[in-house]
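Written out below as structure tokens is the structure these notes cover.
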Amino acid sequence: MLLASAVVVVHMSTLLWLNHVRFPLLPRANAIGWMMLLLSNALSIAAIFYRVRSASSPTNNRWWLYLASTCITSIGTIAYLLRSLSLLGSPADTSSLPILFYQLASVPLLMAISVSFDEFWIRSVRLLDLATAFLTAALFTVLVLIVTGPSFGHERYYLIDIIFDVRNLFLASCAILRLLGIAGEEEEQQFFSSIAIILLFQAVLNSARNRAIVHHNGPFWNLVLDLLFLTPFLVLCTIEWWSSVRLRTYYPSRALASFSRISISIFMTLGAILIAIGIIRIHFFAGAAGIILALILYGARMGFLGEEKLLLDPLTGIPNRRSLDETLSREWRRASRVQSTLVLLLIDIDYFKRINDTYGHQRGDSILIEVAQALRSTLGRSSDFIGRYGGEEFLAILPALSPEGTRRLTRKLCLAVEDLRIENTKSPYGTVTISIGAVAGDNSEMHIHSPSDLLRRADKALYEAKQAGRNCVRIVGLTEENSSPDDMGLSISIDS
């Protein structure tokens, strides 16, 4: 945090010295300011790229989109730099080009905020969310293009400022809505809270500066512009510090999580419709097309969402037994067709009945949600699938997973639940733990003739794991001989 603050102070001091002490009367001194802002963009890109590399899926997808947004902003800054050097023609002829790039930057950012990358969501719903995000961003861009036209005269700069203020507040509100519904996923919480802080701070700074320079444009307001561009760098470099202030990971109630999931789509649709209404007064056909498309996308999403609800467990939000049965049947056919392996993990929360008896069923439900989110976030591949099998049991379906990958993943799952540090005084381990029964291998080698046979093997393996004292893993069907104990102290027994 101190290093990031020092970089910001040095950067802004250098800008002040170059523009107002060293080269205050240079004919193209304005270009120096844009060069410094371009450097600010570069610092932010470096900080975002670090987050891309350190984050796991699906959060790194969001960071990639935010990185694309910042790169597009940098192109707009370069356009302003070239414009200040008169390399793009006269400023009057090129005034809309940089503004257009700044607005286009909202397209990937809006997608990063609004689209769900969770694999258990129906693909059609994710595509419709993506289309709604693109439509909203496109309508913002159309509005900017219309306003920057010559027919608005000098009034266009005032209108553009309002559009960008509304855009930043809209994006920040979307990020806050998503943040309210995230349960126990620290990386996701960090992303949405970071974006919300950045956008809110930028909206306030940009609005104050744009209105102040109408009456007085001095070195102070140029520094404010530089700070606005440095905001992502400063926030992203201090994530660990302000995240550590929280006493525990945030878990929303079921009602709040449902509200977040529903309201984000409504908010996006309303945003698109309101922008289209603003356009329709100037360009009727473009605005009317925007309203119609927004309503069509929302109606289609609600139709698919009704189907999705039938496939999700209402308590944990992960796929239910019906969805698991359909996925297992599909993956079984695919594995048989291409002669690949199919791994099944049957996971049970140890001593769960004692949790309900000691802490109550409401606390038991809360623990189910926390464990479900931890298990889901630990699965790294897009093809991996996990759902609630029933009661306190979960089932993971893992296509084409190697024997070593099976051992490594079961270890990570057990440790992910242990790392939650959920107290269970009635357990000999003192915290909530899980046991796993796994079936791994080629179904032709194991003489398994149906998905139900595979499930029976997994159930038997889980029973053996529980008989062995719980908080352990029992794997059957590995073709590689390796039964060495886990280096973290976890008991993993293997039956080839």
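Convention: chains lettered A, B, ... in structure tokens order; per-chain residue numbering from 1; ligands numbered from 1 as shown.
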
Give me the region 42-106 of chain A side of the contact with region 378-384 of chain A, cut-off 12 Å, one line per residue showing its nearest atom pair and distance in Å at one decimal, counting only C-alpha atoms, sorted by chain and residue number, as JSON lines.
```
{"residue": "A:Ala55", "atom": "CA", "partner": "A:Gly380", "partner_atom": "CA", "distance": 11.3}
{"residue": "A:Ser56", "atom": "CA", "partner": "A:Gly380", "partner_atom": "CA", "distance": 7.6}
{"residue": "A:Ser57", "atom": "CA", "partner": "A:Gly380", "partner_atom": "CA", "distance": 6.4}
{"residue": "A:Pro58", "atom": "CA", "partner": "A:Gly380", "partner_atom": "CA", "distance": 8.6}
{"residue": "A:Thr59", "atom": "CA", "partner": "A:Gly380", "partner_atom": "CA", "distance": 11.2}
{"residue": "A:Asn60", "atom": "CA", "partner": "A:Gly380", "partner_atom": "CA", "distance": 11.6}
{"residue": "A:Asn61", "atom": "CA", "partner": "A:Ser382", "partner_atom": "CA", "distance": 12.0}
```

- Query: Excluding same-chain residues fewer than 6 positions from region 425-434 of chain A, what lies within 12 Å of it counting only C-alpha atoms, as an MDAnalysis selection string?
  - Reply: chainID A and resid 345:359 364 367:368 370:372 374:375 392:394 410:419 462 465:466 469:474 490:491

Just-selected residues, N, CA and C atoms written as a compact mmCIF listing (two decimals), in the first residue's frame:
```
# COMPACT_ATOMS: atom_id res chain seq x y z
N LEU A 345 -17.13 -38.25 -7.94
CA LEU A 345 -16.81 -38.03 -6.53
C LEU A 345 -18.11 -37.87 -5.75
N LEU A 346 -18.35 -38.74 -4.79
CA LEU A 346 -19.49 -38.61 -3.89
C LEU A 346 -18.97 -38.05 -2.57
N ILE A 347 -19.45 -36.88 -2.20
CA ILE A 347 -18.88 -36.11 -1.08
C ILE A 347 -19.92 -35.98 0.02
N ASP A 348 -19.50 -36.24 1.23
CA ASP A 348 -20.42 -36.18 2.38
C ASP A 348 -19.81 -35.30 3.47
N ILE A 349 -20.64 -34.43 4.06
CA ILE A 349 -20.19 -33.60 5.19
C ILE A 349 -20.19 -34.47 6.45
N ASP A 350 -19.05 -34.57 7.10
CA ASP A 350 -18.92 -35.44 8.27
C ASP A 350 -19.72 -34.92 9.45
N TYR A 351 -20.39 -35.86 10.13
CA TYR A 351 -21.12 -35.58 11.38
C TYR A 351 -22.13 -34.43 11.20
N PHE A 352 -22.81 -34.42 10.06
CA PHE A 352 -23.73 -33.30 9.80
C PHE A 352 -24.95 -33.36 10.72
N LYS A 353 -25.41 -34.56 11.05
CA LYS A 353 -26.56 -34.66 11.96
C LYS A 353 -26.24 -34.02 13.31
N ARG A 354 -24.99 -34.19 13.77
CA ARG A 354 -24.59 -33.57 15.04
C ARG A 354 -24.60 -32.05 14.92
N ILE A 355 -24.27 -31.53 13.73
CA ILE A 355 -24.32 -30.08 13.53
C ILE A 355 -25.74 -29.57 13.70
N ASN A 356 -26.71 -30.25 13.06
CA ASN A 356 -28.11 -29.83 13.19
C ASN A 356 -28.60 -29.95 14.62
N ASP A 357 -28.20 -31.02 15.31
CA ASP A 357 -28.65 -31.21 16.69
C ASP A 357 -28.04 -30.19 17.64
N THR A 358 -26.80 -29.78 17.36
CA THR A 358 -26.09 -28.87 18.27
C THR A 358 -26.38 -27.39 17.96
N TYR A 359 -26.34 -27.04 16.69
CA TYR A 359 -26.42 -25.63 16.31
C TYR A 359 -27.77 -25.23 15.69
N GLY A 364 -27.27 -25.31 10.07
CA GLY A 364 -26.93 -26.40 9.16
C GLY A 364 -27.11 -26.00 7.70
N ILE A 367 -24.24 -23.80 6.68
CA ILE A 367 -23.01 -24.57 6.44
C ILE A 367 -23.08 -25.28 5.10
N LEU A 368 -24.27 -25.80 4.75
CA LEU A 368 -24.44 -26.43 3.44
C LEU A 368 -24.10 -25.46 2.31
N GLU A 370 -22.15 -22.74 2.50
CA GLU A 370 -20.72 -22.43 2.51
C GLU A 370 -19.89 -23.56 1.90
N VAL A 371 -20.22 -24.79 2.28
CA VAL A 371 -19.47 -25.93 1.75
C VAL A 371 -19.71 -26.07 0.24
N ALA A 372 -20.96 -25.88 -0.19
CA ALA A 372 -21.27 -25.98 -1.62
C ALA A 372 -20.47 -24.97 -2.43
N ALA A 374 -17.63 -23.53 -1.55
CA ALA A 374 -16.21 -23.88 -1.49
C ALA A 374 -15.88 -25.00 -2.46
N LEU A 375 -16.74 -26.01 -2.53
CA LEU A 375 -16.51 -27.13 -3.44
C LEU A 375 -16.57 -26.67 -4.89
N GLU A 392 -26.86 -33.90 2.92
CA GLU A 392 -25.54 -33.27 3.05
C GLU A 392 -24.54 -33.86 2.07
N GLU A 393 -25.01 -34.50 1.01
CA GLU A 393 -24.13 -35.14 0.03
C GLU A 393 -24.08 -34.33 -1.27
N PHE A 394 -22.89 -34.30 -1.86
CA PHE A 394 -22.68 -33.63 -3.14
C PHE A 394 -22.05 -34.62 -4.11
N THR A 410 -9.17 -34.32 -5.10
CA THR A 410 -9.83 -34.72 -3.86
C THR A 410 -9.13 -34.11 -2.65
N ARG A 411 -7.80 -34.03 -2.72
CA ARG A 411 -7.04 -33.39 -1.64
C ARG A 411 -7.42 -31.91 -1.52
N LYS A 412 -7.51 -31.22 -2.67
CA LYS A 412 -7.85 -29.79 -2.66
C LYS A 412 -9.26 -29.56 -2.12
N LEU A 413 -10.19 -30.46 -2.46
CA LEU A 413 -11.56 -30.31 -1.98
C LEU A 413 -11.63 -30.44 -0.47
N CYS A 414 -10.94 -31.45 0.07
CA CYS A 414 -10.94 -31.63 1.53
C CYS A 414 -10.32 -30.43 2.24
N LEU A 415 -9.21 -29.95 1.72
CA LEU A 415 -8.54 -28.82 2.34
C LEU A 415 -9.33 -27.53 2.19
N ALA A 416 -10.07 -27.39 1.07
CA ALA A 416 -10.89 -26.19 0.87
C ALA A 416 -11.97 -26.09 1.93
N VAL A 417 -12.57 -27.23 2.28
CA VAL A 417 -13.60 -27.23 3.33
C VAL A 417 -12.97 -27.00 4.70
N GLU A 418 -11.81 -27.63 4.95
CA GLU A 418 -11.13 -27.40 6.23
C GLU A 418 -10.74 -25.93 6.41
N ASP A 419 -10.34 -25.29 5.29
CA ASP A 419 -9.92 -23.89 5.36
C ASP A 419 -11.06 -22.94 5.69
N LEU A 462 -17.51 -44.23 -0.64
CA LEU A 462 -17.79 -43.24 0.41
C LEU A 462 -18.06 -43.94 1.74
N ALA A 465 -14.84 -44.88 3.22
CA ALA A 465 -14.14 -43.71 3.75
C ALA A 465 -14.70 -43.32 5.12
N LYS A 466 -16.01 -43.41 5.27
CA LYS A 466 -16.63 -43.06 6.56
C LYS A 466 -16.31 -44.11 7.62
N GLY A 469 -13.01 -43.67 9.48
CA GLY A 469 -12.87 -42.59 10.46
C GLY A 469 -13.24 -41.21 9.95
N ARG A 470 -13.75 -41.13 8.73
CA ARG A 470 -14.16 -39.86 8.12
C ARG A 470 -12.95 -38.93 7.91
N ASN A 471 -13.24 -37.76 7.31
CA ASN A 471 -12.19 -36.80 6.94
C ASN A 471 -11.10 -37.49 6.12
N CYS A 472 -11.54 -38.31 5.18
CA CYS A 472 -10.57 -39.03 4.34
C CYS A 472 -11.19 -39.30 2.98
N VAL A 473 -10.38 -39.84 2.10
CA VAL A 473 -10.78 -40.11 0.72
C VAL A 473 -10.55 -41.58 0.41
N ARG A 474 -11.51 -42.21 -0.23
CA ARG A 474 -11.36 -43.59 -0.70
C ARG A 474 -11.57 -43.58 -2.21
N LEU A 490 -3.67 -35.75 5.05
CA LEU A 490 -4.97 -36.26 4.70
C LEU A 490 -4.86 -37.73 4.30
N SER A 491 -5.76 -38.56 4.81
CA SER A 491 -5.73 -39.98 4.48
C SER A 491 -6.40 -40.23 3.14
```

Mind running region 159-206 of chain A against region 124-140 of chain A at 12 Å and telling me each contacting residue's nearest atom pair with the distance in Å (one decimal), counting only C-alpha atoms, chain and number ascending, as a Markdown table?
```
| residue | atom | partner | partner_atom | distance |
| --- | --- | --- | --- | --- |
| A:Ile160 | CA | A:Phe140 | CA | 10.7 |
| A:Ile162 | CA | A:Phe140 | CA | 11.8 |
| A:Ile163 | CA | A:Phe140 | CA | 8.0 |
| A:Phe164 | CA | A:Phe140 | CA | 9.1 |
| A:Asp165 | CA | A:Phe140 | CA | 11.8 |
| A:Val166 | CA | A:Phe140 | CA | 9.9 |
| A:Arg167 | CA | A:Phe140 | CA | 7.8 |
| A:Asn168 | CA | A:Phe140 | CA | 11.3 |
| A:Phe170 | CA | A:Thr136 | CA | 10.6 |
| A:Leu171 | CA | A:Ala137 | CA | 10.2 |
| A:Cys174 | CA | A:Ala133 | CA | 10.9 |
```

Please produce a file of those selected residues containing C-alpha atoms, as an mmCIF file, in the first residue's frame.
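What ended up in out_4.cif:
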```
data_model
loop_
_atom_site.group_PDB
_atom_site.id
_atom_site.type_symbol
_atom_site.label_atom_id
_atom_site.label_comp_id
_atom_site.auth_asym_id
_atom_site.auth_seq_id
_atom_site.Cartn_x
_atom_site.Cartn_y
_atom_site.Cartn_z
ATOM 1 C CA ILE A 160 -21.151 14.149 -22.923
ATOM 2 C CA ILE A 162 -23.578 13.879 -18.136
ATOM 3 C CA ILE A 163 -23.561 10.682 -20.239
ATOM 4 C CA PHE A 164 -20.217 9.560 -18.808
ATOM 5 C CA ASP A 165 -21.312 10.362 -15.237
ATOM 6 C CA VAL A 166 -24.483 8.324 -15.714
ATOM 7 C CA ARG A 167 -22.469 5.511 -17.315
ATOM 8 C CA ASN A 168 -20.038 5.289 -14.395
ATOM 9 C CA PHE A 170 -24.757 2.712 -13.811
ATOM 10 C CA LEU A 171 -21.732 0.392 -13.973
ATOM 11 C CA CYS A 174 -24.390 -3.108 -11.402
#
```

- Task: Go through region 294-394 of chain A and collect every residue that DSSP, computed from the backbone, puts in strand (DSSP E); the answer should be as JSON, numbers by chain.
- Result: {"A": [342, 343, 344, 345, 346, 347, 348, 349, 385, 386, 387, 388, 389, 390, 393, 394]}

Give me the residues within 10 Å of Leu37 (chain A) as a PDB file with C-alpha atoms, in the first residue's frame, counting only C-alpha atoms and dropping any in the same chain fewer than 6 places off.
```
ATOM      1  CA  HIS A  11       3.623  10.531 -10.651  1.00  0.00           C
ATOM      2  CA  MET A  12       1.379  13.489  -9.823  1.00  0.00           C
ATOM      3  CA  LEU A  15       3.098  15.949 -13.863  1.00  0.00           C
ATOM      4  CA  ALA A  31       0.764  16.715 -24.943  1.00  0.00           C
ATOM      5  CA  LEU A  43       0.313   1.373 -14.491  1.00  0.00           C
ATOM      6  CA  SER A  74      -5.560   3.743 -23.479  1.00  0.00           C
ATOM      7  CA  THR A  77      -5.810   8.525 -24.499  1.00  0.00           C
ATOM      8  CA  ILE A  78      -3.423   7.971 -27.424  1.00  0.00           C
ATOM      9  CA  LEU A  81      -2.287  12.725 -27.441  1.00  0.00           C
ATOM     10  CA  LEU A 225      -7.676  14.178 -13.919  1.00  0.00           C
ATOM     11  CA  ASP A 226      -4.385  12.335 -13.375  1.00  0.00           C
ATOM     12  CA  LEU A 227      -5.679  10.876 -10.094  1.00  0.00           C
ATOM     13  CA  LEU A 228      -8.809   9.712 -11.922  1.00  0.00           C
ATOM     14  CA  PHE A 229      -6.651   7.680 -14.323  1.00  0.00           C
ATOM     15  CA  LEU A 230      -4.517   6.360 -11.454  1.00  0.00           C
TER      16      LEU A 230
END
```

- Would you work out the distance separating CA of Arg334 (chain A) from CA of Asn320 (chain A), expressed in Å to one decimal?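 Between CA of Arg334 (chain A) and CA of Asn320 (chain A) the gap works out to 21.1 Å.
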
- Item | Separation of CA of Arg178 (chain A) from CA of Tyr66 (chain A), in Å and rounded to one decimal |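 Between CA of Arg178 (chain A) and CA of Tyr66 (chain A) the gap is 15.6 Å.
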
- Spatial neighbours of Ala294 (chain A), max dist 7 Å, only C-alpha atoms, sep filter under 2 positions, as a PyMOL selection string: chain A and resi 132+269+272-273+290-292+296-298

Would you put the residues from that selection into a file with N, CA and C atoms, as a compact mmCIF listing (two decimals), in the first residue's frame?
```
# COMPACT_ATOMS: atom_id res chain seq x y z
N THR A 132 -27.56 -8.78 -23.67
CA THR A 132 -28.13 -7.60 -23.01
C THR A 132 -27.04 -6.60 -22.63
N THR A 269 -31.84 -4.38 -18.19
CA THR A 269 -32.90 -4.15 -19.18
C THR A 269 -33.47 -2.74 -19.06
N ALA A 272 -31.04 -0.27 -20.54
CA ALA A 272 -31.09 -0.25 -22.01
C ALA A 272 -32.32 0.50 -22.51
N ILE A 273 -33.46 0.27 -21.85
CA ILE A 273 -34.70 0.93 -22.28
C ILE A 273 -34.63 2.44 -22.06
N GLY A 290 -33.83 -0.31 -30.13
CA GLY A 290 -33.21 -0.62 -28.85
C GLY A 290 -34.23 -1.09 -27.82
N ILE A 291 -35.38 -0.42 -27.75
CA ILE A 291 -36.43 -0.80 -26.79
C ILE A 291 -36.96 -2.20 -27.11
N ILE A 292 -37.24 -2.45 -28.38
CA ILE A 292 -37.78 -3.76 -28.78
C ILE A 292 -36.79 -4.88 -28.47
N ILE A 296 -37.28 -8.07 -25.92
CA ILE A 296 -37.18 -9.44 -26.44
C ILE A 296 -36.16 -10.24 -25.63
N LEU A 297 -34.99 -9.64 -25.39
CA LEU A 297 -33.95 -10.34 -24.64
C LEU A 297 -34.40 -10.65 -23.22
N TYR A 298 -35.09 -9.70 -22.59
CA TYR A 298 -35.55 -9.93 -21.22
C TYR A 298 -36.61 -11.03 -21.17
```

- Task: With a distance cut-off of 12 Å and only C-alpha atoms, select the neighbouring residues of Thr231 (chain A), excluding the residue or stretch itself and same-chain residues fewer than 5 positions from it, and output the selection as a ChimeraX atom specification.
- Result: /A:4-5,7-8,37,40-41,43-45,47-48,70,194-206,224-226,236-238

Once you have the residues from the selection above, write them out as a tab-separated table (two decimals), in the first residue's frame, restricted to C-alpha atoms.
```
chain	number	residue	atom	x	y	z
A	4	ALA	CA	1.41	2.27	-4.44
A	5	SER	CA	0.80	5.56	-2.62
A	7	VAL	CA	4.08	5.85	-6.96
A	8	VAL	CA	0.91	7.97	-7.15
A	37	LEU	CA	-2.13	10.04	-18.41
A	40	SER	CA	-1.24	6.16	-15.66
A	41	ASN	CA	-3.10	3.79	-17.98
A	43	LEU	CA	0.31	1.37	-14.49
A	44	SER	CA	-3.34	0.33	-14.25
A	45	ILE	CA	-2.88	-2.24	-17.03
A	47	ALA	CA	-1.95	-3.98	-11.92
A	48	ILE	CA	-4.89	-5.59	-13.76
A	70	THR	CA	-8.51	-0.39	-19.86
A	194	SER	CA	-12.82	-3.13	-6.54
A	195	ILE	CA	-14.81	-2.21	-9.65
A	196	ALA	CA	-17.53	-0.53	-7.58
A	197	ILE	CA	-14.97	1.56	-5.65
A	198	ILE	CA	-13.10	2.52	-8.83
A	199	LEU	CA	-16.21	3.52	-10.76
A	200	LEU	CA	-17.80	5.45	-7.90
A	201	PHE	CA	-14.57	7.33	-7.21
A	202	GLN	CA	-14.08	8.09	-10.91
A	203	ALA	CA	-17.68	9.27	-11.29
A	204	VAL	CA	-17.31	11.73	-8.41
A	205	LEU	CA	-13.90	13.02	-9.55
A	206	ASN	CA	-14.92	13.31	-13.19
A	224	VAL	CA	-7.50	15.51	-10.35
A	225	LEU	CA	-7.68	14.18	-13.92
A	226	ASP	CA	-4.39	12.34	-13.37
A	236	LEU	CA	-5.87	-2.84	-7.21
A	237	CYS	CA	-2.51	-2.48	-5.46
A	238	THR	CA	-4.22	-2.21	-2.09
```

- Query: To one decimal place, how far is CA of Ile369 (chain A) from CA of Arg321 (chain A) in Å?
  - Reply: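 That distance, rounded to one decimal, is 15.9 Å.
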
- Item | Shell around Ser323 (chain A) at 8 Å using only C-alpha atoms, local window under 4 positions removed, as a list of chain:residue names |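 Here the answer would be A:Leu311, A:Leu312, A:Pro319, A:Thr327, A:Gly387.
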
- Check the smallest atom-to-atom distance from each of A:Leu328, A:Ile182, A:Ile275, A:Ile176 to Leu342 (chain A) using only C-alpha atoms, then report the winner.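 Ranking A:Leu328, A:Ile182, A:Ile275, A:Ile176 by distance to Leu342 (chain A), first place goes to A:Leu328.
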